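J.: Structure supplied as my_file_35.txt; contents: compact mmCIF, C-alpha atoms and all ligand atoms.
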# COMPACT_ATOMS: atom_id res chain seq x y z
CA MET A 31 1.85 -3.06 58.78
CA ARG A 32 2.32 -6.18 60.86
CA ARG A 33 1.78 -9.34 58.90
CA ILE A 34 -0.19 -11.93 60.86
CA SER A 35 -1.61 -15.42 60.37
CA VAL A 36 -4.19 -17.26 62.46
CA PHE A 37 -4.37 -21.05 62.39
CA GLY A 38 -7.70 -22.28 63.73
CA SER A 39 -9.32 -18.91 62.97
CA THR A 40 -12.85 -20.38 62.96
CA GLY A 41 -12.58 -21.70 66.52
CA SER A 42 -13.18 -19.97 69.82
CA ILE A 43 -9.62 -18.63 70.19
CA GLY A 44 -9.45 -17.81 66.49
CA VAL A 45 -12.65 -15.76 66.52
CA ASN A 46 -11.49 -13.86 69.60
CA THR A 47 -8.14 -13.18 67.94
CA LEU A 48 -9.79 -11.82 64.80
CA ASP A 49 -12.09 -9.70 66.96
CA LEU A 50 -9.04 -7.91 68.39
CA ILE A 51 -7.49 -7.53 64.96
CA ALA A 52 -10.66 -6.19 63.34
CA ARG A 53 -10.83 -3.46 66.00
CA ARG A 54 -7.53 -2.02 64.79
CA PRO A 55 -8.00 -1.40 61.06
CA GLY A 56 -4.92 -0.45 59.10
CA GLU A 57 -2.50 -2.03 61.58
CA PHE A 58 -2.43 -5.60 60.35
CA GLN A 59 -2.09 -7.38 57.08
CA VAL A 60 -3.62 -10.84 57.34
CA VAL A 61 -1.60 -13.51 55.55
CA ALA A 62 -3.22 -16.89 56.28
CA LEU A 63 -6.38 -18.04 58.03
CA SER A 64 -7.30 -21.67 58.59
CA GLY A 65 -10.31 -23.67 59.65
CA GLY A 66 -12.01 -27.02 59.32
CA ARG A 67 -15.40 -27.80 57.79
CA ASN A 68 -16.95 -24.43 58.54
CA VAL A 69 -15.83 -22.99 55.18
CA ASP A 70 -18.50 -20.27 55.08
CA LEU A 71 -17.18 -18.72 58.27
CA LEU A 72 -13.59 -19.14 57.07
CA ALA A 73 -14.39 -17.46 53.75
CA SER A 74 -16.25 -14.60 55.39
CA GLN A 75 -13.33 -14.02 57.79
CA ALA A 76 -10.90 -14.06 54.88
CA ARG A 77 -13.01 -11.59 52.93
CA ALA A 78 -13.54 -9.25 55.88
CA LEU A 79 -9.81 -9.14 56.68
CA ARG A 80 -8.56 -9.42 53.09
CA ALA A 81 -6.40 -12.45 53.82
CA GLU A 82 -3.95 -13.72 51.23
CA VAL A 83 -4.90 -17.37 51.66
CA ALA A 84 -7.60 -19.40 53.42
CA VAL A 85 -6.89 -23.03 54.21
CA THR A 86 -9.36 -25.72 55.20
CA ALA A 87 -7.89 -28.77 56.93
CA HIS A 88 -10.07 -31.08 54.83
CA GLU A 89 -9.35 -31.76 51.14
CA GLU A 90 -13.01 -32.56 50.47
CA CYS A 91 -14.01 -29.07 51.62
CA LEU A 92 -11.85 -27.33 49.00
CA PRO A 93 -14.58 -26.98 46.31
CA ALA A 94 -16.93 -25.40 48.83
CA LEU A 95 -14.19 -23.03 50.03
CA ARG A 96 -13.35 -22.08 46.44
CA ALA A 97 -17.01 -21.38 45.76
CA ALA A 98 -17.32 -19.27 48.90
CA LEU A 99 -14.27 -17.21 47.89
CA HIS A 100 -15.33 -16.86 44.26
CA GLY A 101 -14.82 -13.37 42.90
CA SER A 102 -12.28 -12.43 45.56
CA GLU A 103 -8.50 -12.49 45.15
CA ILE A 104 -8.06 -14.79 48.11
CA GLU A 105 -6.36 -18.11 47.44
CA ALA A 106 -8.11 -21.27 48.63
CA ALA A 107 -6.13 -24.31 49.78
CA ALA A 108 -6.75 -27.55 51.65
CA GLY A 109 -5.05 -30.32 53.59
CA LYS A 110 -2.10 -30.79 55.91
CA ALA A 111 0.59 -29.85 53.38
CA ALA A 112 -1.28 -26.63 52.56
CA LEU A 113 -1.43 -25.75 56.25
CA ILE A 114 2.31 -26.20 56.55
CA GLU A 115 2.93 -24.18 53.41
CA ALA A 116 0.73 -21.38 54.75
CA ALA A 117 2.56 -21.48 58.09
CA GLY A 118 5.79 -20.86 56.21
CA ARG A 119 4.50 -17.69 54.51
CA PRO A 120 6.32 -14.68 55.96
CA ALA A 121 4.47 -13.23 58.94
CA ASP A 122 5.52 -11.31 62.04
CA TRP A 123 2.99 -12.88 64.40
CA ILE A 124 1.36 -16.28 64.03
CA MET A 125 -1.45 -17.61 66.21
CA SER A 126 -1.49 -21.37 66.75
CA ALA A 127 -5.12 -22.09 67.72
CA ILE A 128 -5.94 -25.38 66.05
CA VAL A 129 -7.32 -27.86 68.59
CA GLY A 130 -5.43 -31.10 69.26
CA VAL A 131 -2.09 -32.42 68.10
CA ALA A 132 -3.12 -31.41 64.56
CA GLY A 133 -1.76 -27.99 65.54
CA LEU A 134 1.76 -29.28 66.10
CA ALA A 135 3.07 -29.48 62.52
CA PRO A 136 1.82 -26.03 61.43
CA GLY A 137 3.22 -24.48 64.63
CA PHE A 138 6.53 -26.22 64.08
CA ALA A 139 6.65 -24.93 60.50
CA ALA A 140 5.81 -21.39 61.64
CA LEU A 141 8.79 -21.35 64.04
CA LYS A 142 11.18 -21.70 61.11
CA GLN A 143 10.43 -18.08 60.24
CA GLY A 144 12.16 -16.94 63.42
CA THR A 145 9.35 -14.54 64.37
CA THR A 146 6.63 -14.84 67.05
CA LEU A 147 4.34 -17.79 67.64
CA ALA A 148 1.40 -17.09 69.94
CA LEU A 149 0.65 -20.55 71.28
CA ALA A 150 -2.88 -21.46 72.33
CA ASN A 151 -2.43 -25.05 71.14
CA LYS A 152 -1.27 -26.56 74.43
CA GLU A 153 -1.25 -30.05 72.89
CA SER A 154 1.93 -29.04 70.98
CA LEU A 155 3.82 -28.49 74.21
CA VAL A 156 2.42 -31.62 75.85
CA ALA A 157 3.33 -33.85 72.93
CA ALA A 158 6.60 -32.23 71.86
CA GLY A 159 7.65 -29.48 74.28
CA PRO A 160 11.44 -29.92 74.13
CA LEU A 161 11.40 -30.22 70.33
CA LEU A 162 9.28 -27.13 69.93
CA LEU A 163 11.47 -25.03 72.24
CA ALA A 164 14.64 -26.27 70.52
CA GLU A 165 13.18 -25.37 67.12
CA ALA A 166 12.28 -21.90 68.38
CA ALA A 167 15.81 -21.41 69.73
CA ARG A 168 17.39 -22.68 66.51
CA HIS A 169 15.54 -20.11 64.42
CA GLY A 170 15.51 -17.27 66.95
CA ALA A 171 11.72 -17.46 67.19
CA ARG A 172 9.75 -16.43 70.26
CA ILE A 173 6.85 -18.43 71.69
CA LEU A 174 4.32 -16.46 73.73
CA PRO A 175 1.81 -18.44 75.80
CA VAL A 176 -1.88 -17.83 75.16
CA ASP A 177 -3.41 -20.28 77.60
CA SER A 178 -4.78 -17.95 80.30
CA GLU A 179 -2.88 -19.59 83.18
CA HIS A 180 0.40 -19.59 81.28
CA SER A 181 -0.03 -16.02 80.12
CA ALA A 182 -0.66 -15.18 83.78
CA VAL A 183 2.52 -16.96 84.91
CA PHE A 184 4.48 -15.28 82.12
CA GLN A 185 3.20 -11.88 83.23
CA ALA A 186 3.90 -12.57 86.92
CA LEU A 187 7.47 -13.55 86.01
CA THR A 188 8.19 -10.34 84.13
CA GLY A 189 11.25 -8.68 85.65
CA GLU A 190 11.83 -11.58 88.05
CA ARG A 191 14.67 -14.10 88.23
CA MET A 192 13.73 -17.68 87.43
CA GLU A 193 16.08 -19.04 90.10
CA GLU A 194 14.14 -17.12 92.75
CA VAL A 195 10.87 -18.84 91.93
CA GLU A 196 9.81 -21.37 94.55
CA ARG A 197 6.50 -22.55 93.11
CA VAL A 198 3.83 -21.87 90.55
CA ILE A 199 0.10 -22.28 91.13
CA ILE A 200 -2.28 -22.61 88.22
CA THR A 201 -5.95 -22.34 89.02
CA ALA A 202 -8.83 -24.48 87.77
CA SER A 203 -12.48 -23.54 87.82
CA GLY A 204 -13.29 -27.18 88.45
CA GLY A 205 -15.43 -27.33 85.29
CA ALA A 206 -19.01 -28.43 84.92
CA PHE A 207 -18.76 -31.23 87.51
CA ARG A 208 -16.85 -29.44 90.23
CA ASP A 209 -19.41 -30.38 92.87
CA TRP A 210 -20.72 -33.66 91.50
CA PRO A 211 -20.23 -36.78 93.65
CA TYR A 212 -18.25 -39.66 92.13
CA GLU A 213 -21.32 -41.86 91.67
CA ARG A 214 -23.09 -39.24 89.59
CA LEU A 215 -20.05 -38.72 87.31
CA LYS A 216 -20.50 -42.23 85.89
CA GLY A 217 -23.69 -41.20 84.12
CA ALA A 218 -22.57 -37.69 83.09
CA THR A 219 -23.69 -36.82 79.55
CA VAL A 220 -21.91 -34.96 76.76
CA ALA A 221 -24.43 -32.12 77.01
CA GLU A 222 -23.80 -31.79 80.76
CA ALA A 223 -20.02 -31.85 80.29
CA SER A 224 -20.21 -29.21 77.54
CA CYS A 225 -21.44 -26.42 79.83
CA HIS A 226 -18.61 -24.49 81.41
CA PRO A 227 -19.56 -22.40 84.45
CA ASN A 228 -17.27 -19.45 83.56
CA TRP A 229 -15.55 -19.64 80.18
CA ALA A 230 -17.03 -19.82 76.66
CA MET A 231 -14.68 -22.15 74.75
CA GLY A 232 -14.64 -24.85 72.08
CA GLN A 233 -16.51 -28.07 72.96
CA ARG A 234 -13.39 -30.24 73.31
CA ILE A 235 -11.61 -28.04 75.85
CA THR A 236 -14.89 -27.52 77.71
CA ILE A 237 -15.32 -31.28 78.22
CA ASP A 238 -11.61 -31.52 79.10
CA SER A 239 -12.30 -28.94 81.78
CA ALA A 240 -15.10 -31.06 83.22
CA SER A 241 -12.80 -34.10 83.40
CA MET A 242 -9.81 -31.99 84.53
CA PHE A 243 -7.86 -33.31 81.55
CA ASN A 244 -7.48 -29.69 80.50
CA LYS A 245 -5.73 -28.90 83.77
CA ALA A 246 -3.67 -32.09 83.39
CA LEU A 247 -2.47 -30.87 79.98
CA GLU A 248 -1.76 -27.47 81.52
CA LEU A 249 0.38 -28.97 84.29
CA ILE A 250 2.58 -30.56 81.63
CA GLU A 251 2.45 -27.37 79.55
CA THR A 252 3.73 -25.39 82.57
CA LYS A 253 6.63 -27.78 83.07
CA GLU A 254 7.57 -27.77 79.39
CA PHE A 255 7.19 -24.08 78.69
CA PHE A 256 8.82 -22.59 81.80
CA GLY A 257 11.08 -25.48 82.75
CA PHE A 258 9.87 -25.81 86.35
CA ALA A 259 10.26 -29.09 88.20
CA PRO A 260 6.96 -31.00 88.48
CA GLU A 261 6.95 -30.68 92.27
CA GLN A 262 7.09 -26.87 91.95
CA ILE A 263 3.78 -26.78 90.08
CA GLU A 264 0.48 -26.86 91.97
CA VAL A 265 -3.15 -26.88 90.91
CA LEU A 266 -5.70 -24.96 92.95
CA VAL A 267 -9.44 -25.06 92.40
CA HIS A 268 -10.82 -21.53 92.21
CA PRO A 269 -14.50 -21.54 91.20
CA GLU A 270 -14.68 -17.83 90.28
CA SER A 271 -11.94 -18.07 87.57
CA LEU A 272 -10.65 -14.57 88.32
CA VAL A 273 -7.17 -15.43 89.61
CA HIS A 274 -5.56 -17.26 86.70
CA ALA A 275 -2.22 -18.18 88.24
CA LEU A 276 0.16 -17.26 91.05
CA VAL A 277 3.93 -17.36 91.21
CA GLY A 278 5.56 -17.89 94.61
CA PHE A 279 9.11 -16.63 95.29
CA ARG A 280 11.79 -17.75 97.74
CA ASP A 281 10.88 -14.95 100.15
CA GLY A 282 7.33 -16.30 100.42
CA ALA A 283 5.75 -13.58 98.26
CA LEU A 284 3.01 -14.64 95.86
CA MET A 285 2.34 -12.63 92.71
CA ALA A 286 -1.18 -13.28 91.45
CA HIS A 287 -2.64 -12.42 88.08
CA LEU A 288 -6.32 -11.46 88.05
CA GLY A 289 -8.63 -10.62 85.19
CA ALA A 290 -12.09 -11.28 83.81
CA PRO A 291 -12.52 -14.77 82.31
CA ASP A 292 -12.16 -13.52 78.75
CA MET A 293 -9.53 -15.06 76.46
CA ARG A 294 -9.00 -11.70 74.78
CA HIS A 295 -6.87 -10.82 77.84
CA ALA A 296 -4.27 -13.50 77.08
CA ILE A 297 -4.59 -13.20 73.29
CA GLY A 298 -4.27 -9.42 73.49
CA TYR A 299 -1.27 -9.64 75.80
CA ALA A 300 0.50 -11.87 73.26
CA LEU A 301 -0.56 -9.60 70.39
CA ASN A 302 0.69 -6.41 72.06
CA TRP A 303 3.70 -7.83 73.91
CA PRO A 304 5.95 -6.33 75.20
CA ALA A 305 3.58 -3.35 75.32
CA ARG A 306 0.18 -3.28 76.99
CA ARG A 307 -2.66 -1.68 75.09
CA ASP A 308 -6.36 -1.10 75.71
CA LEU A 309 -8.39 -4.29 75.51
CA PRO A 310 -12.18 -4.57 75.26
CA VAL A 311 -12.45 -6.72 78.38
CA GLU A 312 -14.50 -6.26 81.51
CA ARG A 313 -12.76 -4.49 84.39
CA LEU A 314 -13.10 -6.35 87.68
CA ASP A 315 -15.04 -4.69 90.47
CA LEU A 316 -13.58 -6.55 93.42
CA ALA A 317 -15.83 -4.86 95.98
CA LYS A 318 -18.83 -6.14 94.04
CA ILE A 319 -17.31 -9.61 93.68
CA GLY A 320 -16.69 -9.58 97.43
CA GLN A 321 -15.10 -12.98 97.87
CA LEU A 322 -12.70 -15.29 96.12
CA SER A 323 -12.61 -18.96 97.11
CA PHE A 324 -10.01 -21.68 96.76
CA ARG A 325 -9.82 -25.39 97.48
CA ALA A 326 -7.58 -28.36 96.80
CA PRO A 327 -8.32 -30.48 93.72
CA ASP A 328 -9.84 -33.92 94.23
CA GLU A 329 -7.70 -36.53 92.47
CA THR A 330 -10.11 -39.37 93.27
CA ARG A 331 -12.96 -37.92 91.27
CA PHE A 332 -10.56 -36.47 88.69
CA PRO A 333 -7.65 -38.89 88.12
CA ALA A 334 -6.35 -36.86 85.15
CA LEU A 335 -4.13 -34.79 87.44
CA ARG A 336 -2.48 -37.89 88.90
CA LEU A 337 -1.89 -39.22 85.38
CA ALA A 338 -0.27 -35.91 84.36
CA ARG A 339 2.13 -36.21 87.29
CA GLU A 340 3.09 -39.70 86.11
CA VAL A 341 3.63 -38.38 82.58
CA MET A 342 5.87 -35.57 83.84
CA ALA A 343 7.93 -38.07 85.85
CA THR A 344 8.33 -40.35 82.82
CA GLY A 345 9.14 -37.65 80.25
CA GLY A 346 10.17 -38.63 76.71
CA THR A 347 7.21 -39.54 74.54
CA ALA A 348 4.85 -40.06 77.50
CA GLY A 349 3.25 -36.65 76.85
CA ALA A 350 2.56 -37.55 73.21
CA ALA A 351 0.95 -40.86 74.25
CA PHE A 352 -1.04 -39.16 77.00
CA ASN A 353 -2.41 -36.47 74.70
CA ALA A 354 -3.23 -38.90 71.89
CA ALA A 355 -5.02 -41.36 74.19
CA LYS A 356 -6.92 -38.43 75.70
CA GLU A 357 -8.02 -37.22 72.24
CA ILE A 358 -9.38 -40.69 71.37
CA ALA A 359 -11.02 -41.03 74.78
CA LEU A 360 -12.72 -37.68 74.20
CA ASP A 361 -13.88 -38.78 70.72
CA GLY A 362 -15.25 -41.96 72.34
CA PHE A 363 -17.12 -40.00 74.99
CA ILE A 364 -18.54 -37.48 72.49
CA GLY A 365 -19.51 -40.37 70.19
CA GLY A 366 -21.33 -42.19 72.98
CA GLN A 367 -19.01 -45.24 72.97
CA ILE A 368 -17.59 -44.74 76.45
CA GLY A 369 -18.77 -43.08 79.64
CA PHE A 370 -17.32 -40.01 81.30
CA LEU A 371 -15.19 -41.84 83.88
CA ALA A 372 -13.95 -44.32 81.27
CA MET A 373 -11.94 -41.53 79.61
CA ALA A 374 -9.36 -41.53 82.41
CA GLU A 375 -9.45 -45.34 82.62
CA LEU A 376 -8.66 -45.56 78.92
CA VAL A 377 -5.79 -43.08 79.09
CA GLU A 378 -4.31 -44.90 82.08
CA ALA A 379 -4.61 -48.29 80.33
CA VAL A 380 -2.94 -46.99 77.15
CA LEU A 381 -0.05 -45.46 79.11
CA ALA A 382 0.42 -48.67 81.11
CA GLN A 383 0.43 -50.88 78.03
CA MET A 384 2.75 -48.63 76.05
CA SER A 385 5.29 -48.30 78.84
CA ALA A 386 5.21 -52.07 79.38
CA ARG A 387 5.76 -52.59 75.63
CA GLN A 388 8.65 -50.28 74.87
CA GLY A 389 8.98 -47.70 77.58
CA LEU A 390 7.97 -44.11 77.09
CA GLY A 391 10.80 -42.35 78.89
CA ASN A 392 13.02 -41.60 75.91
CA ASP A 393 12.73 -41.49 72.15
CA ALA A 394 11.31 -37.98 71.76
CA ARG A 395 14.19 -36.99 69.50
CA SER A 396 12.28 -35.99 66.39
CA LEU A 397 8.85 -34.94 65.29
CA ASP A 398 8.54 -38.27 63.48
CA ASN A 399 9.19 -40.15 66.72
CA VAL A 400 6.61 -38.08 68.54
CA MET A 401 4.02 -38.55 65.81
CA GLY A 402 4.80 -42.29 65.74
CA THR A 403 4.01 -42.52 69.45
CA ASP A 404 0.90 -40.43 68.87
CA ALA A 405 -0.31 -42.83 66.15
CA GLU A 406 0.45 -45.90 68.25
CA ALA A 407 -1.42 -44.53 71.27
CA ARG A 408 -4.41 -43.63 69.11
CA ALA A 409 -4.52 -47.11 67.56
CA LEU A 410 -4.26 -48.78 70.95
CA ALA A 411 -6.96 -46.57 72.46
CA ARG A 412 -9.30 -47.23 69.52
CA GLU A 413 -8.69 -50.96 69.83
CA MET A 414 -9.43 -50.91 73.56
CA ILE A 415 -12.72 -49.12 72.88
CA ALA A 416 -13.67 -51.40 69.98
CA THR A 417 -12.94 -54.60 71.90
CA GLY A 418 -14.84 -53.37 74.93
CA ARG A 419 -11.77 -53.52 77.16
CA ILE A 420 -12.80 -50.14 78.51
P1 LIG A 501 -12.30 -24.86 68.74
O1 LIG A 501 -12.76 -26.25 68.67
O2 LIG A 501 -13.28 -23.78 69.03
O3 LIG A 501 -11.55 -24.48 67.37
C1 LIG A 501 -10.57 -25.29 66.84
C2 LIG A 501 -10.04 -24.76 65.53
O4 LIG A 501 -9.16 -25.77 64.98
C3 LIG A 501 -11.12 -24.53 64.46
O5 LIG A 501 -10.71 -23.48 63.62
C4 LIG A 501 -11.14 -25.85 63.71
O6 LIG A 501 -11.63 -25.72 62.40
C5 LIG A 501 -9.67 -26.21 63.69
N1 LIG A 501 -9.42 -27.64 63.61
C6 LIG A 501 -10.05 -28.63 64.30
N2 LIG A 501 -9.53 -29.83 63.97
C7 LIG A 501 -8.55 -29.59 63.06
C8 LIG A 501 -7.63 -30.43 62.35
N3 LIG A 501 -7.63 -31.76 62.51
N4 LIG A 501 -6.74 -29.85 61.51
C9 LIG A 501 -6.73 -28.51 61.34
N5 LIG A 501 -7.58 -27.66 61.98
C10 LIG A 501 -8.48 -28.20 62.83
O7 LIG A 501 -11.10 -24.83 69.81
P2 LIG A 501 -10.66 -23.66 70.79
O8 LIG A 501 -11.45 -23.73 72.04
O9 LIG A 501 -10.57 -22.36 70.05
O10 LIG A 501 -9.19 -24.14 71.17
C11 LIG A 501 -8.10 -24.03 70.28
C12 LIG A 501 -6.82 -24.34 71.02
O11 LIG A 501 -6.62 -23.34 72.03
C13 LIG A 501 -6.82 -25.68 71.76
O12 LIG A 501 -5.53 -26.22 71.75
C14 LIG A 501 -7.21 -25.31 73.16
O13 LIG A 501 -6.73 -26.22 74.12
C15 LIG A 501 -6.53 -23.96 73.30
N6 LIG A 501 -7.13 -23.08 74.30
C16 LIG A 501 -8.41 -22.67 74.13
C17 LIG A 501 -8.99 -21.82 75.06
C18 LIG A 501 -10.39 -21.30 74.87
O14 LIG A 501 -10.82 -20.45 75.64
N7 LIG A 501 -11.14 -21.73 73.88
C19 LIG A 501 -8.28 -21.44 76.19
C20 LIG A 501 -6.96 -21.87 76.33
C21 LIG A 501 -6.40 -22.70 75.37
MG MG A 502 -6.18 -22.62 80.42
Here is a file; write its structure as structure tokens.

T.:
Amino acid sequence: MRRISVFGSTGSIGVNTLDLIARRPGEFQVVALSGGRNVDLLASQARALRAEVAVTAHEECLPALRAALHGSEIEAAAGKAALIEAAGRPADWIMSAIVGVAGLAPGFAALKQGTTLALANKESLVAAGPLLLAEAARHGARILPVDSEHSAVFQALTGERMEEVERVIITASGGAFRDWPYERLKGATVAEASCHPNWAMGQRITIDSASMFNKALELIETKEFFGFAPEQIEVLVHPESLVHALVGFRDGALMAHLGAPDMRHAIGYALNWPARRDLPVERLDLAKIGQLSFRAPDETRFPALRLAREVMATGGTAGAAFNAAKEIALDGFIGGQIGFLAMAELVEAVLAQMSARQGLGNDARSLDNVMGTDAEARALAREMIATGRI
């Protein structure tokens, strides 16, 4: 039996991952599952899949988790150290699906096992890509991308030579505000930003899709994971979300990956890799769909993409600062402290101040350095919100 763990099992990616696993009884032994405050869901997942341990990220939720697991043989644990301990428990396949930079340390710990890390947590690569890849190489671990665009690129590259790749195109649906004029974006509400036209995802990534910060993170993720030069990576708005990415080769050929907008495609590919197995996803009827449309992204209404290009040019700890400032900006927007357009203003202001202070182009030598930059960017962003500078 394959031993597997799922970090962030109560989230959108986590639930989809467990759905695939539950459909194949007898094939998997579940080691660790993790969640946040939703301990009832976590406990019921752990019971249904007979996990060894269930971990909540929050110490104060431990009594409730213990109570929910009472009478079972499943261990209950809580907090950051428990997450890292659980990530070190022997497993053949580990899903990293915590949202935010909180997923970095457990993912890093999981790599030490030298097995396979299925990586949905794009923030890990944005904040600490080179460190993560070096850690994987050191321990002989494999990272498989789970973000749909990156899974698509990975699939399109199968059997190809990296030096023959000319460019990579990742698509963006354009999110909830694809067609909104700039003036209207100022007053956009959290409820409006939380409705994705095509994908059902967690609230944070859905709002990041509306602001294009999700695509900004994915640009950096593409550079870090595959090692392409920033100028080789393009973003293309594709409202139907059926073409997930395209890889262009030196002879002008473009290999596109198409599939229904269902994350079980990318999760299942990582779960079954290098094989392909049946997946419970919709089959596309292209004659019925009729048309696919594409357009260039608008960097005036959505400055996140321009900021991502600056981050890629700077390198070093710029990605960590960018992601951290973005997480605080998103908290501020969800909490009603700042408006929709102020999120990008805040991230830009934090990056400018931090690079003026100490430069962001180097210093990404250790996880501690990266997390130090992360903490500094968060503090600065919070201060800018609190003092009304944004
Ligand atoms: P979600 O909000 O639905 O779930 C997040 C999970 O992380 C939950 O289990 C939650 O309990 C846990 N969590 C939240 N904060 C935590 C913390 N501080 N410490 C430990 N655990 C914490 O998110 P999601 O949409 O499933 O996304 C998960 C990750 O996958 C993100 O990095 C996201 O960018 C990426 N991703 C998601 C999708 C998607 O379709 N949802 C697609 C591509 C990539
Ligand atoms: Mg994606």

J.: I want to know what sits within 8 Å of stretch 159-173 of chain A, based on all atoms listed in the file, with residues of the same chain fewer than 3 positions away left out; could you give that as a list in words?

T.: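 So the residues in contact are Phe138, Leu141, Lys142, Gln143, Gly144, Thr145, Thr146, Leu147, Ala148, Leu149, Ser154, Leu155, Val156, Glu251, Glu254, Phe255, Ala394, Arg395, Ser396 and Leu397 of chain A.
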
J.: Do you know which residues are within 7 Å of ligand LIG 501 (chain A) using all atoms listed in the file? Can you write them as a PyMOL selection string?

T.: chain A and resi 37-44+64-68+87+127-130+132-133+150-153+176-178+229-235+293

J.: Tell me which protein, DNA and RNA residues are within 12 Å of A:Glu196, counting all atoms listed in the file, leaving out same-chain ones fewer than 4 positions away, and put them as a list of chain:residue names.

T.: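 Counting only the stated atoms, we get A:Leu187, A:Glu190, A:Arg191, A:Met192, A:Phe258, A:Ala259, A:Pro260, A:Glu261, A:Gln262, A:Ile263, A:Glu264, A:Leu276, A:Val277, A:Gly278, A:Phe279, A:Arg280, A:Asp281, A:Gly282, A:Ala283, A:Leu284, A:Met285.
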
J.: What does the structure give for the distance between atom CA of A:Ala84 and atom CA of A:Asn302, in Å to one decimal?

T.: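 Computed distance, atom CA of A:Ala84 to atom CA of A:Asn302, equals 24.2 Å.
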
J.: What are the closest atom pairs, with distances in Å to one decimal, for all residues of chain A lying within 12 Å of ligand MG 502 (chain A)? Consider all atoms listed in the file, order rows by chain and residue number, and present the result as a tab-separated table.

T.:
residue	atom	partner	partner_atom	distance
A:Ile43	CA	A:MG502	MG	11.5
A:Leu149	CA	A:MG502	MG	11.6
A:Ala150	CA	A:MG502	MG	8.8
A:Asn151	CA	A:MG502	MG	10.3
A:Lys152	CA	A:MG502	MG	8.7
A:Glu153	CA	A:MG502	MG	11.7
A:Pro175	CA	A:MG502	MG	10.1
A:Val176	CA	A:MG502	MG	8.3
A:Asp177	CA	A:MG502	MG	4.6
A:Ser178	CA	A:MG502	MG	4.9
A:Glu179	CA	A:MG502	MG	5.3
A:His180	CA	A:MG502	MG	7.3
A:Ser181	CA	A:MG502	MG	9.0
A:Ala182	CA	A:MG502	MG	9.9
A:Val183	CA	A:MG502	MG	11.3
A:Ile200	CA	A:MG502	MG	8.7
A:Thr201	CA	A:MG502	MG	8.6
A:Ala202	CA	A:MG502	MG	8.0
A:Ser203	CA	A:MG502	MG	9.8
A:Gly204	CA	A:MG502	MG	11.7
A:Gly205	CA	A:MG502	MG	11.5
A:Asn228	CA	A:MG502	MG	12.0
A:Trp229	CA	A:MG502	MG	9.8
A:Ala230	CA	A:MG502	MG	11.8
A:Met231	CA	A:MG502	MG	10.2
A:Ile235	CA	A:MG502	MG	8.9
A:Thr236	CA	A:MG502	MG	10.4
A:Asp238	CA	A:MG502	MG	10.5
A:Ser239	CA	A:MG502	MG	8.9
A:Met242	CA	A:MG502	MG	10.9
A:Phe243	CA	A:MG502	MG	10.9
A:Asn244	CA	A:MG502	MG	7.2
A:Lys245	CA	A:MG502	MG	7.1
A:Ala246	CA	A:MG502	MG	10.2
A:Leu247	CA	A:MG502	MG	9.1
A:Glu248	CA	A:MG502	MG	6.7
A:Leu249	CA	A:MG502	MG	9.9
A:Ile250	CA	A:MG502	MG	11.9
A:Glu251	CA	A:MG502	MG	9.9
A:Thr252	CA	A:MG502	MG	10.5
A:Val265	CA	A:MG502	MG	11.7
A:Ser271	CA	A:MG502	MG	10.2
A:Val273	CA	A:MG502	MG	11.7
A:His274	CA	A:MG502	MG	8.3
A:Ala275	CA	A:MG502	MG	9.8
A:Pro291	CA	A:MG502	MG	10.3
A:Asp292	CA	A:MG502	MG	11.0
A:Met293	CA	A:MG502	MG	9.2
A:Ala296	CA	A:MG502	MG	9.9
A:Ile297	CA	A:MG502	MG	11.9

J.: Taking all atoms listed in the file into account, which of A:Ala290, A:Val85, A:Ala78, A:Ala348 comes nearest A:Val311?

T.: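 Checking each of A:Ala290, A:Val85, A:Ala78, A:Ala348 against A:Val311, counting all atoms listed in the file, the winner is A:Ala290.
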